[in-house]
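**Student:** You'll find start_28.cif just under this line, and it carries mmCIF, C-alpha atoms.
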data_coords
loop_
_atom_site.group_PDB
_atom_site.id
_atom_site.type_symbol
_atom_site.label_atom_id
_atom_site.label_comp_id
_atom_site.auth_asym_id
_atom_site.auth_seq_id
_atom_site.Cartn_x
_atom_site.Cartn_y
_atom_site.Cartn_z
ATOM 1 C CA MET A 1 83.964 111.733 114.307
ATOM 2 C CA GLU A 2 80.419 111.645 113.060
ATOM 3 C CA ASN A 3 77.881 109.312 114.654
ATOM 4 C CA HIS A 4 75.458 109.458 111.731
ATOM 5 C CA PHE A 5 76.390 109.241 108.046
ATOM 6 C CA PHE A 6 75.568 107.551 104.749
ATOM 7 C CA ILE A 7 77.596 105.092 102.658
ATOM 8 C CA LYS A 8 77.071 103.243 99.388
ATOM 9 C CA ALA A 9 77.544 99.474 99.567
ATOM 10 C CA PRO A 10 76.053 96.373 97.954
ATOM 11 C CA LEU A 11 73.858 94.207 100.159
ATOM 12 C CA CYS A 12 75.143 90.978 98.649
ATOM 13 C CA PHE A 13 77.935 90.043 96.285
ATOM 14 C CA ASN A 14 77.613 91.395 92.699
ATOM 15 C CA THR A 15 74.543 93.555 93.327
ATOM 16 C CA GLN A 16 74.074 97.226 92.693
ATOM 17 C CA SER A 17 75.183 99.448 95.579
ATOM 18 C CA LYS A 18 72.514 100.862 97.871
ATOM 19 C CA THR A 19 72.644 103.993 100.010
ATOM 20 C CA LEU A 20 72.813 102.827 103.608
ATOM 21 C CA GLU A 21 72.352 104.957 106.703
ATOM 22 C CA ILE A 22 74.915 104.304 109.438
ATOM 23 C CA ASN A 23 74.457 105.194 113.108
ATOM 24 C CA HIS A 24 77.620 104.687 115.157
ATOM 25 C CA GLU A 25 76.880 103.981 118.824
ATOM 26 C CA GLY A 26 79.893 102.901 120.903
ATOM 27 C CA GLU A 27 81.365 99.828 119.214
ATOM 28 C CA ILE A 28 78.252 99.165 117.088
ATOM 29 C CA PHE A 29 77.414 100.504 113.626
ATOM 30 C CA ARG A 30 73.642 100.197 113.057
ATOM 31 C CA VAL A 31 72.761 99.851 109.370
ATOM 32 C CA SER A 32 69.466 101.093 107.896
ATOM 33 C CA LEU A 33 67.980 100.959 104.414
ATOM 34 C CA ASN A 34 65.090 103.285 103.550
ATOM 35 C CA GLY A 35 64.592 104.123 107.242
ATOM 36 C CA THR A 36 64.449 100.478 108.399
ATOM 37 C CA THR A 37 67.253 98.958 110.454
ATOM 38 C CA ILE A 38 68.530 95.872 108.643
ATOM 39 C CA GLY A 39 71.404 94.942 110.933
ATOM 40 C CA ALA A 40 74.398 96.015 112.946
ATOM 41 C CA VAL A 41 78.095 95.413 112.502
ATOM 42 C CA THR A 42 81.169 95.816 114.656
ATOM 43 C CA SER A 43 84.791 96.366 113.678
ATOM 44 C CA ASN A 44 87.504 94.033 114.931
ATOM 45 C CA GLU A 45 90.099 96.838 114.459
ATOM 46 C CA ASP A 46 92.013 94.654 111.968
ATOM 47 C CA LYS A 47 89.938 95.449 108.847
ATOM 48 C CA SER A 48 87.560 92.556 109.628
ATOM 49 C CA TRP A 49 83.916 92.926 110.624
ATOM 50 C CA ASP A 50 81.369 90.873 112.576
ATOM 51 C CA LEU A 51 77.595 90.829 112.620
ATOM 52 C CA ALA A 52 76.277 92.408 115.823
ATOM 53 C CA GLY A 53 72.566 92.123 115.031
ATOM 54 C CA GLY A 54 70.222 91.190 112.225
ATOM 55 C CA GLU A 55 70.447 88.452 109.625
ATOM 56 C CA LEU A 56 73.084 89.680 107.190
ATOM 57 C CA ASP A 57 75.473 87.143 105.692
ATOM 58 C CA GLN A 58 79.218 87.517 106.338
ATOM 59 C CA GLU A 59 79.956 88.696 102.784
ATOM 60 C CA THR A 60 77.428 91.524 103.169
ATOM 61 C CA VAL A 61 78.866 92.409 106.601
ATOM 62 C CA ASN A 62 82.322 92.649 105.021
ATOM 63 C CA LEU A 63 81.056 94.842 102.155
ATOM 64 C CA ILE A 64 79.294 97.187 104.588
ATOM 65 C CA GLY A 65 82.451 97.297 106.719
ATOM 66 C CA GLU A 66 84.518 98.215 103.660
ATOM 67 C CA GLY A 67 82.066 101.037 102.946
ATOM 68 C CA ILE A 68 82.389 102.338 106.514
ATOM 69 C CA GLU A 69 86.198 102.192 106.293
ATOM 70 C CA ARG A 70 86.118 104.025 102.951
ATOM 71 C CA TYR A 71 83.901 106.746 104.467
ATOM 72 C CA TYR A 72 86.294 107.319 107.374
ATOM 73 C CA ASP A 73 89.343 107.245 105.044
ATOM 74 C CA GLU A 74 87.764 109.879 102.777
ATOM 75 C CA HIS A 75 86.623 112.162 105.601
ATOM 76 C CA TYR A 76 89.268 111.735 108.319
ATOM 77 C CA SER A 77 92.557 110.817 106.618
#
Output the file's structure in the form of structure tokens.

**Tutor:**
Amino acid sequence: MENHFFIKAPLCFNTQSKTLEINHEGEIFRVSLNGTTIGAVTSNEDKSWDLAGGELDQETVNLIGEGIERYYDEHYS
């Protein structure tokens, strides 16, 4: 699986999607916007996601997690 890829996801509920850069390192997915790291998320393996760094709200973490899941479904299913 790829360690570095891009997804589209909104940064808060009902906003326009942004292109986010994802770097997957072990259990952590580091999230960057325009070259700046804005946070990190981790999967709980049950389609739920937790904040692993940064100051993202839980809704945004979930939306980013859904984008990561969608990427893997499209490329590895």

**Student:** Counting all atoms listed in the file, which residues sit no farther than 8 Å from the position (77.8, 90.9, 115.9) in the file's frame? I'd like them as a ChimeraX atom specification.

**Tutor:** /A:40-42,50-53

**Student:** Distance CA of His4 in chain A-CA of Glu69 in chain A, one decimal place?

**Tutor:**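 Atom-to-atom, CA of His4 in chain A to CA of Glu69 in chain A, that is 14.1 Å.
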
**Student:** With all atoms listed in the file as the basis for distance, which of A:His24, A:Gly65, A:Gln16, A:Tyr76 is at the shortest distance from Glu45 in chain A?

**Tutor:**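 Looking at the shortest contact to Glu45 in chain A, the residue is A:Gly65.
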
**Student:** Could you give me, as a short mmCIF file (atom, residue, chain, number, x, y, z; two decimals) with C-alpha atoms, in the coordinates of the input, the residues that sit within 10 Å of (81.2, 101.6, 118.7) in the file's coordinates, counting all atoms listed in the file?

**Tutor:**
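As written to disk, result18.cif reads:
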data_model
loop_
_atom_site.label_atom_id
_atom_site.label_comp_id
_atom_site.auth_asym_id
_atom_site.auth_seq_id
_atom_site.Cartn_x
_atom_site.Cartn_y
_atom_site.Cartn_z
CA ASN A 3 77.88 109.31 114.65
CA ASN A 23 74.46 105.19 113.11
CA HIS A 24 77.62 104.69 115.16
CA GLU A 25 76.88 103.98 118.82
CA GLY A 26 79.89 102.90 120.90
CA GLU A 27 81.36 99.83 119.21
CA ILE A 28 78.25 99.16 117.09
CA PHE A 29 77.41 100.50 113.63
CA ARG A 30 73.64 100.20 113.06
CA VAL A 41 78.10 95.41 112.50
CA THR A 42 81.17 95.82 114.66
CA SER A 43 84.79 96.37 113.68
#

**Student:** Which of these residues is nearest to Trp49 in chain A, using only C-alpha atoms: A:Leu33, A:Ile22, A:Ala9, A:Leu63?

**Tutor:**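 Looking only at the distances to Trp49 in chain A, the closest residue turns out to be A:Leu63.
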
**Student:** What does the PyMOL selection byres ((chain A and resi 21) around 7) select in this file, as a ChimeraX atom specification?

**Tutor:** /A:5-7,19-20,22-23,31-33

**Student:** Name the residues that the PyMOL selection byres ((chain A and resi 59) around 10) picks from the file above, as a ChimeraX atom specification, using the file's chain letters and numbers.

**Tutor:** /A:10-13,49,56-58,60-65

**Student:** Rounded to one decimal, what separation in Å do you get between CA of Thr37 in chain A and CA of His75 in chain A?

**Tutor:**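 Calculated distance between CA of Thr37 in chain A and CA of His75 in chain A is 23.9 Å.
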
**Student:** So how far away is CA of Asp73 in chain A from CA of Lys8 in chain A, in Å?

**Tutor:**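 Spanning CA of Lys8 in chain A to CA of Asp73 in chain A is a straight-line distance of 14.1 Å.
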
**Student:** Out of A:Gly39, A:Gly54, A:Gly67, A:Asn44, which residue has the shortest atom-to-atom distance to Lys18 in chain A when counting all atoms listed in the file?

**Tutor:**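 When distances to Lys18 in chain A are compared using all atoms listed in the file, the smallest one comes from A:Gly67.
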